[in-house]
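Participant: Here you go, protein37.csv (CSV, C-alpha atoms):
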chain,number,residue,atom,x,y,z
D,108,MET,CA,83.1,158.1,84.8
D,109,PHE,CA,82.8,158.8,88.5
D,110,VAL,CA,83.8,162.4,89.4
D,111,CYS,CA,84.3,164.0,92.8
D,112,ASN,CA,85.9,167.3,93.9
D,113,LYS,CA,89.2,165.7,95.2
D,114,SER,CA,90.1,162.2,96.3
D,115,ILE,CA,92.8,160.1,98.0
D,116,LEU,CA,93.5,156.6,96.7
D,117,HIS,CA,94.5,153.8,99.1
D,118,ALA,CA,96.1,150.8,97.4
D,119,ILE,CA,97.4,147.4,98.3
D,120,ASP,CA,98.5,144.4,96.2
D,121,THR,CA,97.4,141.5,98.5
D,122,THR,CA,93.9,140.1,98.9
D,123,GLY,CA,94.1,137.9,102.0
D,124,PRO,CA,94.0,138.8,105.8
D,125,GLY,CA,97.1,140.1,107.6
D,126,GLY,CA,98.5,143.0,109.6
D,127,ALA,CA,99.3,145.2,106.6
D,128,GLU,CA,95.8,144.6,105.1
D,129,THR,CA,94.2,145.5,108.4
D,130,VAL,CA,96.1,148.8,108.6
D,131,PHE,CA,95.2,149.5,105.0
D,132,LEU,CA,91.5,148.9,105.7
D,133,ASP,CA,91.5,151.0,108.9
D,134,LEU,CA,93.1,154.0,107.2
D,135,VAL,CA,90.8,154.0,104.2
D,136,GLU,CA,87.8,153.7,106.4
D,137,LYS,CA,88.6,156.1,109.2
D,138,LEU,CA,91.3,158.6,108.2
D,139,HIS,CA,89.4,161.4,106.6
D,140,ILE,CA,90.7,164.8,105.4
D,141,ASP,CA,88.1,167.6,104.9
D,142,GLY,CA,87.4,168.1,101.2
D,143,TYR,CA,88.7,164.7,100.1
D,144,LYS,CA,87.0,161.4,99.4
D,145,ASN,CA,88.7,158.1,100.1
D,146,TYR,CA,88.6,155.2,97.7
D,147,ALA,CA,90.5,152.0,97.3
D,148,ILE,CA,91.9,149.9,94.4
D,149,ILE,CA,92.7,146.2,94.9
D,150,LYS,CA,93.8,143.5,92.6
D,151,GLY,CA,91.2,140.8,93.1
D,152,PRO,CA,88.5,139.2,95.3
D,153,GLY,CA,89.2,137.8,98.7
D,154,TRP,CA,89.2,138.8,102.4
D,155,VAL,CA,90.2,142.4,101.7
D,156,GLU,CA,87.3,142.8,99.3
D,157,ASP,CA,84.9,141.2,101.8
D,158,GLN,CA,86.0,143.7,104.4
D,159,LEU,CA,85.7,146.7,102.0
D,160,LYS,CA,82.1,145.6,101.3
D,161,HIS,CA,81.4,145.1,105.0
D,162,ARG,CA,82.8,148.5,105.9
D,163,LYS,CA,80.9,150.2,103.0
D,164,ILE,CA,84.1,151.6,101.5
D,165,ASP,CA,84.2,152.8,97.9
D,166,TYR,CA,86.5,150.5,95.9
D,167,LEU,CA,87.5,149.2,92.5
D,168,ILE,CA,89.1,146.0,91.4
D,169,LEU,CA,91.7,146.2,88.6
D,170,LYS,CA,93.7,143.1,87.9
D,171,PRO,CA,97.2,143.6,86.5
D,172,TYR,CA,98.0,142.3,83.0
D,173,GLY,CA,101.6,141.8,84.0
D,174,PHE,CA,104.6,143.8,85.3
D,175,LEU,CA,104.9,147.2,83.5
D,176,SER,CA,101.8,146.4,81.3
D,177,ILE,CA,100.9,149.6,79.4
D,178,PRO,CA,97.1,148.8,79.3
D,179,TYR,CA,97.0,148.3,83.1
D,180,TYR,CA,98.8,151.5,83.8
D,181,PHE,CA,96.6,153.4,81.3
D,182,ASP,CA,93.5,152.1,83.0
D,183,LEU,CA,94.9,153.2,86.4
D,184,PHE,CA,95.8,156.6,85.0
D,185,LYS,CA,92.3,157.2,83.7
D,186,ILE,CA,90.9,156.3,87.2
D,187,LEU,CA,93.3,158.7,88.9
D,188,ARG,CA,92.4,161.5,86.6
D,189,GLY,CA,88.7,160.7,86.6
D,190,ARG,CA,88.5,160.8,90.3
D,191,ASN,CA,90.7,163.9,90.6
D,192,THR,CA,93.1,162.0,92.8
D,193,LYS,CA,95.5,164.3,94.7
D,194,MET,CA,97.5,161.7,96.7
D,195,VAL,CA,98.0,157.9,96.8
D,196,HIS,CA,98.8,155.9,99.9
D,197,ALA,CA,100.3,152.6,98.8
D,198,HIS,CA,101.0,149.6,101.0
D,199,LEU,CA,103.6,146.8,100.4
D,200,LEU,CA,106.1,146.5,97.6
D,201,GLY,CA,103.9,145.8,94.6
D,202,SER,CA,101.6,148.7,95.1
D,203,THR,CA,104.5,151.0,96.0
D,204,LEU,CA,106.2,150.2,92.7
D,205,THR,CA,103.0,150.5,90.6
D,206,TYR,CA,102.0,153.9,92.0
D,207,SER,CA,105.6,155.2,92.1
D,208,ILE,CA,105.5,154.9,88.3
D,209,LEU,CA,102.0,156.4,88.1
D,210,GLY,CA,102.8,159.2,90.5
D,211,LEU,CA,105.7,160.3,88.3
D,212,ILE,CA,103.5,160.1,85.1
D,213,ALA,CA,100.4,161.8,86.7
D,214,ARG,CA,102.4,164.1,88.9
D,215,ILE,CA,100.6,162.8,92.0
D,216,PRO,CA,102.5,162.4,95.3
D,217,VAL,CA,102.7,158.9,96.8
D,218,ILE,CA,103.0,157.9,100.4
D,219,ALA,CA,104.3,154.3,100.7
D,220,THR,CA,104.1,152.2,103.8
D,221,LEU,CA,106.4,149.2,104.0
D,222,HIS,CA,105.4,146.6,106.6
D,223,GLY,CA,108.3,144.1,106.7
D,224,ARG,CA,111.7,143.1,105.4
D,225,VAL,CA,110.1,141.2,102.6
D,226,ASP,CA,109.3,144.5,101.0
D,227,VAL,CA,113.0,145.3,100.6
D,228,ASN,CA,114.3,141.8,99.8
D,229,PRO,CA,117.8,142.1,98.4
D,230,ASN,CA,117.2,139.0,96.3
D,231,GLU,CA,114.1,140.4,94.6
D,232,ARG,CA,114.3,140.3,90.8
D,233,PHE,CA,115.4,143.6,89.2
D,234,VAL,CA,116.0,145.0,92.6
D,235,ALA,CA,118.2,147.9,91.4
D,236,VAL,CA,115.5,149.0,88.9
D,237,LYS,CA,112.7,148.7,91.5
D,238,ASN,CA,114.7,150.6,94.1
D,239,GLY,CA,115.4,153.3,91.6
D,240,ILE,CA,111.7,153.6,90.8
D,241,MET,CA,110.7,153.9,94.4
D,242,LYS,CA,113.4,156.6,95.1
D,243,LEU,CA,112.0,158.7,92.3
D,244,GLY,CA,108.3,158.1,92.8
D,245,VAL,CA,107.8,158.0,96.6
D,246,LYS,CA,107.2,161.4,98.2
D,247,ARG,CA,107.1,160.0,101.8
D,248,LEU,CA,108.3,156.6,102.9
D,249,VAL,CA,106.8,155.1,106.1
D,250,ALA,CA,108.3,152.1,108.0
D,251,VAL,CA,106.3,150.5,110.7
D,252,SER,CA,109.3,150.2,113.1
D,253,ARG,CA,112.7,151.7,113.6
D,254,ASP,CA,114.2,148.3,113.0
D,255,LEU,CA,112.6,148.2,109.5
D,256,ALA,CA,113.7,151.8,108.8
D,257,SER,CA,117.3,150.8,109.6
D,258,TYR,CA,117.1,147.8,107.4
D,259,ILE,CA,115.8,149.9,104.5
D,260,ALA,CA,118.6,152.4,105.0
D,261,GLU,CA,121.2,149.6,105.1
D,262,ARG,CA,119.9,148.5,101.7
D,263,LYS,CA,120.5,152.1,100.5
D,264,LEU,CA,116.9,152.4,99.4
D,265,PHE,CA,116.3,155.6,101.4
D,266,LYS,CA,118.4,157.4,103.9
D,267,GLU,CA,117.2,156.7,107.5
D,268,LYS,CA,116.6,160.4,108.1
D,269,ASP,CA,114.2,160.4,105.1
D,270,ILE,CA,112.1,157.5,106.5
D,271,GLN,CA,109.2,158.3,108.8
D,272,VAL,CA,108.4,155.6,111.5
D,273,ILE,CA,104.7,155.2,112.3
D,274,TYR,CA,103.8,152.3,114.5
D,275,ASN,CA,100.8,150.3,113.6
D,276,GLY,CA,97.9,151.0,116.0
D,277,ILE,CA,94.8,149.1,117.2
D,278,GLU,CA,91.5,150.2,118.7
D,279,GLU,CA,92.5,148.8,122.1
D,280,SER,CA,88.9,149.2,123.5
D,281,ARG,CA,87.9,146.2,121.4
D,282,TYR,CA,90.3,143.9,123.2
D,283,GLY,CA,90.2,142.2,126.6
D,284,LYS,CA,89.6,138.9,128.4
D,285,ASN,CA,86.2,137.4,127.7
D,286,THR,CA,84.0,134.5,129.0
D,287,ASN,CA,83.6,132.8,125.6
D,288,GLN,CA,84.6,129.1,125.9
D,289,SER,CA,83.8,128.1,122.3
D,290,LEU,CA,87.3,127.2,121.3
D,291,ARG,CA,87.8,125.0,124.3
D,292,ALA,CA,84.4,123.3,123.6
D,293,ASN,CA,85.1,122.9,119.8
D,294,LEU,CA,88.6,121.6,120.3
D,295,GLY,CA,87.7,119.3,123.3
D,296,ILE,CA,90.1,121.1,125.7
D,297,ALA,CA,89.5,120.7,129.4
D,298,SER,CA,88.7,123.8,131.5
D,299,ASP,CA,91.8,123.5,133.6
D,300,ALA,CA,94.2,123.3,130.6
D,301,ILE,CA,96.4,126.3,129.8
D,302,LEU,CA,95.8,127.9,126.4
D,303,ILE,CA,98.9,129.4,124.6
D,304,GLY,CA,97.7,131.4,121.6
D,305,SER,CA,99.5,132.4,118.5
D,306,LEU,CA,98.2,134.5,115.7
D,307,GLY,CA,99.4,134.9,112.1
D,308,ASN,CA,99.2,133.3,108.7
D,309,VAL,CA,101.2,130.1,108.2
D,310,ARG,CA,104.3,131.2,106.3
D,311,PRO,CA,108.1,130.7,106.8
D,312,ALA,CA,108.8,133.9,108.8
D,313,LYS,CA,106.3,132.8,111.5
D,314,SER,CA,108.6,129.9,112.4
D,315,TYR,CA,105.8,127.7,113.7
D,316,ASP,CA,108.3,124.8,113.7
D,317,VAL,CA,110.0,126.6,116.6
D,318,LEU,CA,106.7,126.9,118.5
D,319,ILE,CA,106.0,123.2,118.0
D,320,ARG,CA,109.4,122.2,119.3
D,321,ALA,CA,109.0,124.5,122.3
D,322,ALA,CA,105.6,123.0,122.9
D,323,ALA,CA,107.1,119.5,122.8
D,324,VAL,CA,109.6,120.5,125.5
D,325,LEU,CA,106.8,121.9,127.8
D,326,ILE,CA,104.5,119.0,127.2
D,327,ALA,CA,107.2,116.4,127.8
D,328,GLU,CA,107.9,118.0,131.2
D,329,GLY,CA,104.3,117.1,132.2
D,330,LYS,CA,104.0,119.9,134.8
D,331,ARG,CA,101.0,121.5,133.2
D,332,LYS,CA,98.3,120.7,130.6
D,333,PHE,CA,99.4,122.8,127.7
D,334,HIS,CA,97.4,123.4,124.6
D,335,PHE,CA,98.8,125.6,121.8
D,336,VAL,CA,96.1,127.2,119.5
D,337,ILE,CA,97.3,128.9,116.3
D,338,ALA,CA,95.0,131.0,114.2
D,339,GLY,CA,95.8,132.1,110.6
D,340,HIS,CA,95.5,131.2,107.0
D,341,GLN,CA,97.4,128.0,106.1
D,342,LYS,CA,99.6,127.1,103.1
D,343,GLN,CA,99.3,123.5,102.3
D,344,ASP,CA,103.0,122.7,101.7
D,345,LEU,CA,104.1,124.3,105.0
D,346,MET,CA,101.2,122.7,106.9
D,347,GLU,CA,102.3,119.3,105.7
D,348,LYS,CA,105.7,119.8,107.1
D,349,LEU,CA,104.4,121.2,110.4
D,350,GLN,CA,102.0,118.2,110.8
D,351,GLU,CA,104.9,115.8,110.2
D,352,LEU,CA,106.8,117.6,113.0
D,353,ILE,CA,103.8,117.4,115.3
D,354,GLY,CA,103.5,113.7,114.6
D,355,HIS,CA,107.2,113.2,115.2
D,356,TYR,CA,106.8,114.5,118.8
D,357,ASN,CA,103.4,112.7,119.2
D,358,ILE,CA,101.7,115.9,120.4
D,359,GLU,CA,98.7,116.0,118.0
D,360,LYS,CA,96.2,116.3,120.8
D,361,ASN,CA,98.0,119.5,122.1
D,362,ILE,CA,98.7,121.5,119.0
D,363,HIS,CA,95.7,123.1,117.2
D,364,PHE,CA,96.0,124.9,113.9
D,365,ILE,CA,92.5,126.2,113.5
D,366,GLY,CA,92.9,128.3,110.3
D,367,PHE,CA,91.7,131.8,109.8
D,368,TYR,CA,89.7,133.3,112.7
D,369,ASN,CA,87.7,136.3,111.7
D,370,ASP,CA,87.6,138.0,115.1
D,371,THR,CA,91.1,138.4,116.6
D,372,ALA,CA,89.8,140.1,119.7
D,373,ASP,CA,87.5,137.2,120.5
D,374,PHE,CA,90.3,134.6,119.7
D,375,LEU,CA,92.9,136.3,122.0
D,376,GLY,CA,90.3,136.9,124.7
D,377,GLN,CA,89.9,133.1,125.1
D,378,MET,CA,93.7,132.5,125.6
D,379,ASN,CA,95.7,132.5,128.8
D,380,TYR,CA,99.0,133.5,127.3
D,381,PHE,CA,100.5,134.6,124.0
D,382,ALA,CA,103.6,133.3,122.2
D,383,LEU,CA,105.3,134.7,119.0
D,384,SER,CA,107.9,132.4,117.4
D,385,SER,CA,108.7,134.5,114.3
D,386,SER,CA,112.1,134.8,112.8
D,387,SER,CA,111.3,138.2,111.3
D,388,GLU,CA,108.6,140.8,111.9
D,389,GLY,CA,108.4,144.3,110.6
D,390,PHE,CA,106.3,145.2,113.6
D,391,SER,CA,103.8,142.5,114.9
D,392,ILE,CA,100.2,143.7,115.3
D,393,ALA,CA,99.4,140.3,116.9
D,394,THR,CA,101.7,141.1,119.8
D,395,ILE,CA,100.0,144.4,120.6
D,396,GLU,CA,96.6,142.8,120.2
D,397,ALA,CA,97.6,140.2,122.7
D,398,MET,CA,98.9,142.8,125.1
D,399,ALA,CA,95.7,144.8,124.7
D,400,SER,CA,93.8,141.6,125.5
D,401,GLY,CA,95.5,141.5,128.9
D,402,LEU,CA,97.7,138.5,128.0
D,403,PRO,CA,101.2,138.0,129.3
D,404,VAL,CA,103.3,137.7,126.1
D,405,VAL,CA,106.5,135.8,125.2
D,406,VAL,CA,107.9,136.9,121.9
D,407,THR,CA,111.1,136.4,119.9
D,408,ARG,CA,113.7,139.1,119.2
D,409,CYS,CA,112.8,139.2,115.5
D,410,GLY,CA,112.9,142.9,114.7
D,411,GLY,CA,109.7,144.9,115.5
D,412,PRO,CA,108.9,143.2,118.9
D,413,GLU,CA,112.0,144.7,120.5
D,414,GLU,CA,110.3,148.1,120.0
D,415,ILE,CA,107.1,146.9,121.5
D,416,ILE,CA,108.3,145.0,124.6
D,417,GLU,CA,110.4,146.2,127.5
D,418,GLN,CA,112.0,143.1,128.9
D,419,GLU,CA,110.4,141.7,132.1
D,420,LYS,CA,108.3,144.9,132.3
D,421,THR,CA,105.7,144.6,129.5
D,422,GLY,CA,106.6,141.1,128.3
D,423,LEU,CA,109.4,138.6,127.8
D,424,LEU,CA,111.8,138.6,124.8
D,425,VAL,CA,113.6,135.4,123.9
D,426,ALA,CA,116.1,134.4,121.2
D,427,VAL,CA,115.1,133.7,117.6
D,428,ASN,CA,115.0,130.2,116.3
D,429,ASP,CA,115.6,128.8,119.8
D,430,PRO,CA,112.8,126.4,121.0
D,431,GLU,CA,114.4,125.9,124.4
D,432,SER,CA,114.5,129.6,125.0
D,433,LEU,CA,110.9,130.0,124.0
D,434,ALA,CA,109.8,127.1,126.2
D,435,LYS,CA,111.7,128.6,129.2
D,436,GLY,CA,110.1,131.9,128.6
D,437,ILE,CA,106.6,130.4,128.6
D,438,ALA,CA,107.3,128.3,131.6
D,439,LYS,CA,108.7,131.3,133.5
D,440,ILE,CA,105.4,133.3,133.3
D,441,VAL,CA,103.2,130.3,133.7
D,442,GLU,CA,105.0,129.3,136.9
D,443,ASN,CA,105.1,132.8,138.3
D,444,GLN,CA,101.5,134.2,138.3
D,445,GLU,CA,102.6,137.4,140.1
D,446,MET,CA,105.0,138.2,137.2
D,447,ALA,CA,102.3,137.2,134.7
D,448,ASN,CA,99.8,139.6,136.1
D,449,MET,CA,102.3,142.4,136.3
D,450,LEU,CA,103.3,141.9,132.7
D,451,ALA,CA,99.7,141.7,131.5
D,452,SER,CA,98.7,144.9,133.3
D,453,ALA,CA,101.8,146.9,132.2
D,454,GLY,CA,101.5,145.6,128.7
D,455,ARG,CA,97.9,146.7,128.4
D,456,LYS,CA,98.8,150.2,129.6
D,457,HIS,CA,101.8,150.4,127.3
D,458,VAL,CA,99.6,149.7,124.2
D,459,GLU,CA,97.0,152.3,125.3
D,460,LYS,CA,99.8,154.9,125.6
D,461,VAL,CA,102.0,154.1,122.5
D,462,PHE,CA,100.2,151.9,120.1
D,463,SER,CA,96.7,153.2,120.0
D,464,PHE,CA,94.7,153.6,116.8
D,465,ALA,CA,94.3,157.3,117.5
D,466,ALA,CA,98.1,157.8,117.7
D,467,MET,CA,98.6,156.0,114.3
D,468,VAL,CA,95.8,157.9,112.6
D,469,ASP,CA,97.1,161.2,114.0
D,470,SER,CA,100.6,160.6,112.6
D,471,TYR,CA,99.3,159.6,109.2
D,472,LYS,CA,96.9,162.6,109.1
D,473,LYS,CA,99.8,165.0,109.7
D,474,ALA,CA,101.8,163.3,106.9
D,475,TYR,CA,98.8,163.6,104.6
D,476,MET,CA,98.2,167.3,105.4
D,477,ASN,CA,101.8,168.1,104.9
D,478,ILE,CA,101.9,166.6,101.4
D,479,LEU,CA,98.4,167.8,100.4
D,480,GLY,CA,99.4,171.3,101.5
D,481,GLN,CA,102.3,171.2,99.0
D,482,VAL,CA,99.9,170.0,96.2
D,483,ASN,CA,97.2,172.6,96.5
Mind turning the file's structure into C-alpha cells?
Facilitator:
Amino acid sequence: MFVCNKSILHAIDTTGPGGAETVFLDLVEKLHIDGYKNYAIIKGPGWVEDQLKHRKIDYLILKPYGFLSIPYYFDLFKILRGRNTKMVHAHLLGSTLTYSILGLIARIPVIATLHGRVDVNPNERFVAVKNGIMKLGVKRLVAVSRDLASYIAERKLFKEKDIQVIYNGIEESRYGKNTNQSLRANLGIASDAILIGSLGNVRPAKSYDVLIRAAAVLIAEGKRKFHFVIAGHQKQDLMEKLQELIGHYNIEKNIHFIGFYNDTADFLGQMNYFALSSSSEGFSIATIEAMASGLPVVVTRCGGPEEIIEQEKTGLLVAVNDPESLAKGIAKIVENQEMANMLASAGRKHVEKVFSFAAMVDSYKKAYMNILGQVN
C-alpha cells in the first residue's frame, strides 16, 4: 500500500471533457499545500484519465459497484487510510454524495464544489436522503456563482450564508486571437466569412436548437456570410434532432458541429465572435474563455453569465430560449464594429481582474488552509 505523510484527495464522478472536469484537473495539478501530496480518484477511463496522465498527476481508478455498495466504500476507505488522507475535495453530485458518507465514517472533512443546477435537481431520486447526507458530510460547500448559491439555498440544501462562492478561473495568458486558419480550411469557409463560435458539449441545457434558429434568421437576411462553428462532444440522439432542424432551414453549409476540440484557446482564437445559447449555466467557463480570447460575446441570461457580463460594457446579454433576441444581439455587434471592439477590450480586462486562475486558486487555498488548520 502506498504511504505518504499527508495527502489531499481530489475526486470527480465524470470522465469526459467539460468545465467542471477542467477545474478539477487544474486544482489537483496546481493547488499545492506544503506538507500535503495531491492525488485523484476517478471512476473510469476517458478524457479525464488522459489529462491526468498528460499532466503526470497521481491517480487511481475505482469503479463503483452500485449506489451504497459496501465493497466499493470499503475499498475507498482503505485508500483514504493508506494514503493518510486529511481532506477530500469532491466535484459534482455523485462524488459529493460518495465522500460525504466516507467523510463521516473516516472523520475526514470534505469540500464539495457544485457546478450547476443539475447537481441539486429537485427531481433526483431519493433527493431528501441525498440532501441529508450532504448536509451531514460536507464541511464546506462551494458554488461557482451567486445564482447557483441562491438556487441551492432555495432547495433548502444549505443556507446561503453557509455557501462559499468561488468563481471558476482560467489562465488568461493562454488565450488570444491567433493566425491559425485551419478550421476555415478544413470546413471550406471563405476568408471573408464571419465565424460565430460556440463551445460546449451537446446536451439539452446548451439549447443549440436556439442557436440554429437564430442562425437561420441571420442567414436569411443575407447581409453577411455567417458560419456557426460549435465544438463539443456530441450525443447521438440530440444531434439527430439538431441535424433535422438544420435541414429544415436548409442551412447545412453554414452550421458546423465539429465535435470535441482539444485546445479551446486555439479554437476560440480562430473565431470572430462568440455566442452562448444555453438555457441554464452554473457559471460558463466558455464565456470567460471567449472574453479572454478577445472576442465580443453575446450570451443568454441563463444564470451564471449574468455575473460575468455587464450589459453593453463587457458583452451583450439576451433572453433565454429566444432565437430572435439572440440573432438581434449577434447582428448588433457585427454591424457596429466600434461597439464590438469596445466589448472585446473591456471583456478581456474584466476576465484578467475577476476570473483569473490565480484568483480561483487563492480562494480555494484559503478554504483548504482553514479546514486543514482545524484538522491538525
Participant: Find, counting all atoms listed in the file, the residue in D:Gln343, D:Thr421, D:Ser289, D:Thr407 that gets nearest to Phe374 in chain D.
Facilitator: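 Closest residue, counting all atoms listed in the file: D:Ser289.
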Participant: To one decimal in Å, tell me the separation between CA of Pro124 in chain D and CA of Glu417 in chain D.
Facilitator: 28.2 Å
Participant: Here is a test: counting all atoms listed in the file, which residue of D:Arg214, D:His161, D:Lys170, D:His340 is nearest to Leu243 in chain D?
Facilitator: D:Arg214
Participant: I'd like to know which of D:Ile437, D:Leu318, D:Ile270, D:Ala397 is closest to His457 in chain D, using all atoms listed in the file.
Facilitator: D:Ala397
Participant: Residues at most 12 Å from Ser384 in chain D, counting only C-alpha atoms, excluding those fewer than 2 positions away in the same chain, as a VMD selection string?
Facilitator: chain D and resid 303 to 307 309 to 322 337 381 to 382 386 to 388 391 393 to 394 404 to 410 412 424 to 434 436 to 437
Participant: Which residues, written as an MDAnalysis selection string, have at least one atom at most 9 Å from Asn357 in chain D, with only C-alpha atoms counted and residues fewer than 4 positions away on the same chain left out?
Facilitator: chainID D and resid 323 352:353
Participant: In Å, rounded to a single decimal, give me how far CA of Lys242 in chain D is from CA of Glu267 in chain D.
Facilitator: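 Going from CA of Glu267 in chain D over to CA of Lys242 in chain D covers 13.0 Å.
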Participant: When you look at range 183-187 of chain D with a cut-off of 9 Å (counting all atoms listed in the file), what residues show up, excluding the ones that are within fewer than 3 positions of it in the same chain? I need them as number ranges by chain.
Facilitator: D: 108-109, 114, 116, 169, 178-180, 190-193, 209, 212-213, 215
Participant: Give me the residues near Lys460 in chain D as an NGL selection string, where near means some atom within 12 Å (using only C-alpha atoms) and where sequence neighbours in that chain fewer than 2 positions away do not count.
Facilitator: :D and (276-279 or 395 or 399 or 415 or 453-458 or 462-467)
Participant: From the list D:Leu302, D:Ile365, D:Leu199, D:Met194, which residue is nearest Gln481 in chain D when using all atoms listed in the file?
Facilitator: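 Using all atoms listed in the file, the shortest distance to Gln481 in chain D belongs to D:Met194.
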Participant: May I ask for the distance between CA of Glu414 in chain D and CA of Ser252 in chain D, given in Å to one decimal place?
Facilitator: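 Taking CA of Glu414 in chain D as the start and CA of Ser252 in chain D as the end point, the length is 7.3 Å.
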Participant: At a cut-off of 12 Å, using all atoms listed in the file, what residues contact Ser298 in chain D? Leave out same-chain residues fewer than 6 positions from it and give the result as a list of chain:residue names.
Facilitator: D:Thr286, D:Asn287, D:Gln288, D:Ser289, D:Leu290, D:Arg291, D:Ala292, D:Lys332, D:Phe333, D:His334, D:Gln377, D:Met378, D:Asn379
Participant: Compare D:Asn275, D:Ser280, D:Asn477, D:Ser202 by their minimum atom-to-atom distance to Ala372 in chain D, counting only C-alpha atoms, and give me the closest one.
Facilitator: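 Looking at the shortest contact to Ala372 in chain D, the residue is D:Ser280.
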Participant: Taking only C-alpha atoms into account, which of D:Gly201, D:Gly239, D:Gly189, D:Gly244 comes nearest Val217 in chain D?
Facilitator: D:Gly244
